[in-house]
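Please read the structure below before turning to the comments.
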Amino acid sequence: MLDPIVAFFQRVFAAIGRGIGLAIAWILSPFIAIANWYRGRAWIIKGPIGIALLVLIGLYGYFFWQTQAWTNFDPDYPNRYNLAARKNDAGLPVKVAAGQTAPANACERSAIVDVTADLIDYNVNQNAWISSMLLYKVGLFGMDWDRTPWLDNKASFQRGINEAVRRTTVELVDSLVRMRGTSGINPLLQSVRSKMQYEETNWYFGLSPFGPLTPTPSQYRVAMKDLRTFNDELSKCAATFDARADNFLEFMDRVSSSIGSTSAMLRERSENFNGGWFDTRADDRFWFAYGQLYGYYGVLTAAGADFDGVITQRGLGPIWNESIKQLRAALRIQPFIISNGQEDGWIMPTHLATLGFYVLRVRSNLVEMRDILAR
């Protein structure tokens, strides 16, 4: 009785095997045809084609490595600055211990500026800037990598950090460094703001009537250098940093608006696309938001040092510390595969909604602090 059943399944599996073999043969047939054509050519044709293929394989190997290797990724990176040891706000004369002589023309550096410059360094020097790499722009057979499930997470993460850096450089020019009652704008920071607004995807060639473009990383490196030059001038009391409550309020307001936009982006994707592990754009949204929080974690930790006097005088210490803790808590979410499932689903998780919850908690605290400062 079992023999007919066994024979039936043998035929089924044999048919499946033949089907798989035919499918593989169909997929490989263009490559086999090209290989056969290549073998029949003279070396004068084979040589250049072979070299071009080796170069292409090398480029894709480098591209794959750069998209997968997140060099010096460290959610606890703000601890390296030892900001708890700071004695006073940014721009004020350096304080020394009793009995020591204060150095002449020595002022406190801005931790915000230091962190912002280091975030740029992390994006374009310690790691390759993925968004303007040639093979990232080419895509997968012409399809934007952001629309595929592969090789785009690091690019989205870097763009999220860059969003936090851009917002910070704008606020440095508009409020944090510009003295109230004056119209002067620091030229170094004006240059930084301009360069950080540069298109994120530019390579040497593009739609420019003026010849080759400047690659995006080159512009960002100049901005990083200008930030460090500004801080060097500030440390010599040759520049200003206006650590006032109204400036701090404006900075908190702009950061909370930036985070609020990201929260809306996460909510829109979470509510309207419930593809679970098969939503190929969920990872872009997640890692962009994660990168933005990664950047703001360092910037806001630095702001706590630069505006320590304001935070202490207004009694913001507890809520400020809680906000920093929540930022760090959000960075603990590091799923291997991003899933955009339904919020009441039980098979596929909803990582976008989870990260969005932390984003809203941080924004809520920033809004509360802004309201306290506005009283």
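Quick note on naming: the chains in the structure tokens go A, B, ... in the order shown, residues restart at 1 in each chain, and ligands are numbered from 1 in order of appearance.
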
Using only C-alpha atoms, which residues of segment 218-305 of chain A come within 8 Å of segment 111-128 of chain A, and what is the closest atom pair for each, with the distance in Å to one decimal? Give it as JSON lines, sorted by chain and residue number.
```
{"residue": "A:Tyr220", "atom": "CA", "partner": "A:Ile120", "partner_atom": "CA", "distance": 6.8}
{"residue": "A:Arg221", "atom": "CA", "partner": "A:Val124", "partner_atom": "CA", "distance": 7.3}
{"residue": "A:Ala223", "atom": "CA", "partner": "A:Ala117", "partner_atom": "CA", "distance": 7.9}
{"residue": "A:Met224", "atom": "CA", "partner": "A:Ala117", "partner_atom": "CA", "distance": 4.9}
{"residue": "A:Lys225", "atom": "CA", "partner": "A:Ala117", "partner_atom": "CA", "distance": 7.6}
{"residue": "A:Leu227", "atom": "CA", "partner": "A:Ala117", "partner_atom": "CA", "distance": 6.0}
{"residue": "A:Arg228", "atom": "CA", "partner": "A:Ala117", "partner_atom": "CA", "distance": 6.7}
{"residue": "A:Asn231", "atom": "CA", "partner": "A:Val113", "partner_atom": "CA", "distance": 6.8}
{"residue": "A:Gly295", "atom": "CA", "partner": "A:Leu119", "partner_atom": "CA", "distance": 7.1}
{"residue": "A:Gly298", "atom": "CA", "partner": "A:Val115", "partner_atom": "CA", "distance": 6.4}
{"residue": "A:Val299", "atom": "CA", "partner": "A:Ile112", "partner_atom": "CA", "distance": 5.5}
{"residue": "A:Leu300", "atom": "CA", "partner": "A:Ile112", "partner_atom": "CA", "distance": 7.7}
{"residue": "A:Ala302", "atom": "CA", "partner": "A:Ala111", "partner_atom": "CA", "distance": 4.9}
{"residue": "A:Ala303", "atom": "CA", "partner": "A:Ile112", "partner_atom": "CA", "distance": 5.8}
{"residue": "A:Ala305", "atom": "CA", "partner": "A:Ala111", "partner_atom": "CA", "distance": 6.8}
```

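What separates atom CA of Ala35 of chain A from atom CA of Val55 of chain A is a distance of 17.6 Å.
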
Mind checking which residues fall within 10 Å of segment 197-200 of chain A, counting only C-alpha atoms, ignoring those fewer than 4 positions away in the same chain, and posting them as a ChimeraX atom specification? /A:129-132,159,162-163,166-167,169-170,192-193,214-217,219-220

Selected residues, N, CA, C and O atoms, written as an mmCIF file, in the first residue's frame, please.
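Result went into again-v4.cif, see below:
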```cif
data_model
loop_
_atom_site.group_PDB
_atom_site.id
_atom_site.type_symbol
_atom_site.label_atom_id
_atom_site.label_comp_id
_atom_site.auth_asym_id
_atom_site.auth_seq_id
_atom_site.Cartn_x
_atom_site.Cartn_y
_atom_site.Cartn_z
ATOM 1 N N TRP A 129 31.129 58.075 3.002
ATOM 2 C CA TRP A 129 29.786 58.662 2.859
ATOM 3 C C TRP A 129 29.063 57.912 1.734
ATOM 4 O O TRP A 129 29.341 58.081 0.559
ATOM 5 N N ILE A 130 28.109 57.064 2.112
ATOM 6 C CA ILE A 130 27.512 56.114 1.168
ATOM 7 C C ILE A 130 26.653 56.808 0.113
ATOM 8 O O ILE A 130 26.684 56.433 -1.070
ATOM 9 N N SER A 131 25.907 57.828 0.476
ATOM 10 C CA SER A 131 24.892 58.394 -0.416
ATOM 11 C C SER A 131 25.453 58.976 -1.695
ATOM 12 O O SER A 131 24.717 59.115 -2.683
ATOM 13 N N SER A 132 26.731 59.364 -1.721
ATOM 14 C CA SER A 132 27.303 59.931 -2.940
ATOM 15 C C SER A 132 28.286 58.982 -3.621
ATOM 16 O O SER A 132 28.947 59.378 -4.584
ATOM 17 N N ARG A 159 22.432 59.729 6.917
ATOM 18 C CA ARG A 159 21.593 60.892 6.604
ATOM 19 C C ARG A 159 20.830 61.366 7.827
ATOM 20 O O ARG A 159 20.563 62.564 7.981
ATOM 21 N N ASN A 162 23.252 63.354 9.745
ATOM 22 C CA ASN A 162 23.460 64.605 9.016
ATOM 23 C C ASN A 162 22.313 65.582 9.224
ATOM 24 O O ASN A 162 22.518 66.804 9.246
ATOM 25 N N GLU A 163 21.102 65.071 9.370
ATOM 26 C CA GLU A 163 19.959 65.942 9.641
ATOM 27 C C GLU A 163 20.139 66.662 10.974
ATOM 28 O O GLU A 163 19.862 67.864 11.094
ATOM 29 N N ARG A 166 22.911 69.272 10.456
ATOM 30 C CA ARG A 166 22.424 70.432 9.700
ATOM 31 C C ARG A 166 21.620 71.371 10.590
ATOM 32 O O ARG A 166 21.807 72.587 10.569
ATOM 33 N N ARG A 167 20.695 70.812 11.362
ATOM 34 C CA ARG A 167 19.880 71.637 12.240
ATOM 35 C C ARG A 167 20.746 72.370 13.250
ATOM 36 O O ARG A 167 20.544 73.563 13.524
ATOM 37 N N THR A 169 23.947 73.256 12.970
ATOM 38 C CA THR A 169 24.751 74.318 12.354
ATOM 39 C C THR A 169 23.895 75.541 12.028
ATOM 40 O O THR A 169 24.366 76.679 12.126
ATOM 41 N N VAL A 170 22.649 75.321 11.662
ATOM 42 C CA VAL A 170 21.746 76.457 11.430
ATOM 43 C C VAL A 170 21.519 77.236 12.725
ATOM 44 O O VAL A 170 21.578 78.474 12.745
ATOM 45 N N VAL A 192 29.997 77.187 7.390
ATOM 46 C CA VAL A 192 29.607 75.839 7.815
ATOM 47 C C VAL A 192 28.152 75.563 7.453
ATOM 48 O O VAL A 192 27.821 74.507 6.897
ATOM 49 N N ARG A 193 27.283 76.507 7.783
ATOM 50 C CA ARG A 193 25.863 76.306 7.490
ATOM 51 C C ARG A 193 25.636 76.097 5.991
ATOM 52 O O ARG A 193 24.885 75.215 5.579
ATOM 53 N N THR A 214 31.680 69.293 -6.881
ATOM 54 C CA THR A 214 32.485 68.933 -5.714
ATOM 55 C C THR A 214 31.753 67.823 -4.972
ATOM 56 O O THR A 214 30.586 67.983 -4.628
ATOM 57 N N PRO A 215 32.383 66.686 -4.733
ATOM 58 C CA PRO A 215 31.694 65.599 -4.018
ATOM 59 C C PRO A 215 31.235 66.050 -2.634
ATOM 60 O O PRO A 215 31.889 66.874 -1.985
ATOM 61 N N THR A 216 30.129 65.501 -2.212
ATOM 62 C CA THR A 216 29.548 65.876 -0.921
ATOM 63 C C THR A 216 30.531 65.748 0.242
ATOM 64 O O THR A 216 30.641 66.670 1.057
ATOM 65 N N PRO A 217 31.274 64.632 0.377
ATOM 66 C CA PRO A 217 32.186 64.528 1.526
ATOM 67 C C PRO A 217 33.211 65.656 1.592
ATOM 68 O O PRO A 217 33.596 66.081 2.681
ATOM 69 N N GLN A 219 32.831 68.808 0.744
ATOM 70 C CA GLN A 219 32.184 69.982 1.335
ATOM 71 C C GLN A 219 32.031 69.820 2.841
ATOM 72 O O GLN A 219 32.280 70.756 3.619
ATOM 73 N N TYR A 220 31.645 68.634 3.264
ATOM 74 C CA TYR A 220 31.434 68.405 4.694
ATOM 75 C C TYR A 220 32.755 68.459 5.466
ATOM 76 O O TYR A 220 32.787 68.901 6.622
#
```

Please run DSSP on the backbone and report, as a ChimeraX atom specification, all residues within segment 61-209 of chain A that come out as helix (DSSP H, G or I). /A:61-68,77-81,83-85,111-126,130-132,134-138,145-147,153-176,187-196

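Proximity to Tyr294 of chain A at 9 Å, evaluated using only C-alpha atoms and with sequence-adjacent residues fewer than 6 positions away removed, yields Pro75, Phe157, Gly160, Ile161, Ala164, Leu327, Arg328, Ala330 and Leu331 of chain A.
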
Could you save the residues just selected, with N, CA, C and O atoms, as a PDB file, in the first residue's frame?
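Result file is again_30.pdb:
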```pdb
ATOM      1  N   PRO A  75      27.000  53.872  20.635  1.00  0.00           N
ATOM      2  CA  PRO A  75      25.908  54.658  21.208  1.00  0.00           C
ATOM      3  C   PRO A  75      26.300  55.431  22.468  1.00  0.00           C
ATOM      4  O   PRO A  75      25.589  56.370  22.850  1.00  0.00           O
ATOM      5  N   PHE A 157      21.157  55.781   8.005  1.00  0.00           N
ATOM      6  CA  PHE A 157      21.692  56.148   9.321  1.00  0.00           C
ATOM      7  C   PHE A 157      22.562  57.398   9.218  1.00  0.00           C
ATOM      8  O   PHE A 157      22.433  58.335  10.027  1.00  0.00           O
ATOM      9  N   GLY A 160      20.478  60.443   8.724  1.00  0.00           N
ATOM     10  CA  GLY A 160      19.832  60.848   9.970  1.00  0.00           C
ATOM     11  C   GLY A 160      20.768  61.669  10.843  1.00  0.00           C
ATOM     12  O   GLY A 160      20.377  62.703  11.403  1.00  0.00           O
ATOM     13  N   ILE A 161      22.015  61.207  10.988  1.00  0.00           N
ATOM     14  CA  ILE A 161      23.012  61.992  11.724  1.00  0.00           C
ATOM     15  C   ILE A 161      23.184  63.353  11.071  1.00  0.00           C
ATOM     16  O   ILE A 161      23.237  64.399  11.744  1.00  0.00           O
ATOM     17  N   ALA A 164      20.605  65.936  11.996  1.00  0.00           N
ATOM     18  CA  ALA A 164      20.865  66.559  13.296  1.00  0.00           C
ATOM     19  C   ALA A 164      21.999  67.573  13.187  1.00  0.00           C
ATOM     20  O   ALA A 164      21.936  68.661  13.786  1.00  0.00           O
ATOM     21  N   LEU A 327      16.947  59.373  25.381  1.00  0.00           N
ATOM     22  CA  LEU A 327      17.673  59.305  24.111  1.00  0.00           C
ATOM     23  C   LEU A 327      18.566  58.069  24.071  1.00  0.00           C
ATOM     24  O   LEU A 327      18.605  57.340  23.068  1.00  0.00           O
ATOM     25  N   ARG A 328      19.280  57.827  25.162  1.00  0.00           N
ATOM     26  CA  ARG A 328      20.147  56.646  25.206  1.00  0.00           C
ATOM     27  C   ARG A 328      19.330  55.358  25.170  1.00  0.00           C
ATOM     28  O   ARG A 328      19.737  54.366  24.528  1.00  0.00           O
ATOM     29  N   ALA A 330      16.554  54.869  23.597  1.00  0.00           N
ATOM     30  CA  ALA A 330      16.110  54.637  22.224  1.00  0.00           C
ATOM     31  C   ALA A 330      17.194  53.964  21.394  1.00  0.00           C
ATOM     32  O   ALA A 330      16.904  53.163  20.504  1.00  0.00           O
ATOM     33  N   LEU A 331      18.454  54.244  21.701  1.00  0.00           N
ATOM     34  CA  LEU A 331      19.559  53.684  20.921  1.00  0.00           C
ATOM     35  C   LEU A 331      19.827  52.216  21.247  1.00  0.00           C
ATOM     36  O   LEU A 331      20.653  51.589  20.590  1.00  0.00           O
TER      37      LEU A 331
END
```

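Between Ala289 of chain A and the candidates A:Ala23, A:Ile259, A:Val138, A:Ala14, the tightest atom-to-atom separation, counting only C-alpha atoms, involves A:Ile259.
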
When you draw a straight line from atom CA of Glu171 of chain A to atom CA of Tyr296 of chain A, how long is it in Å? 13.2 Å
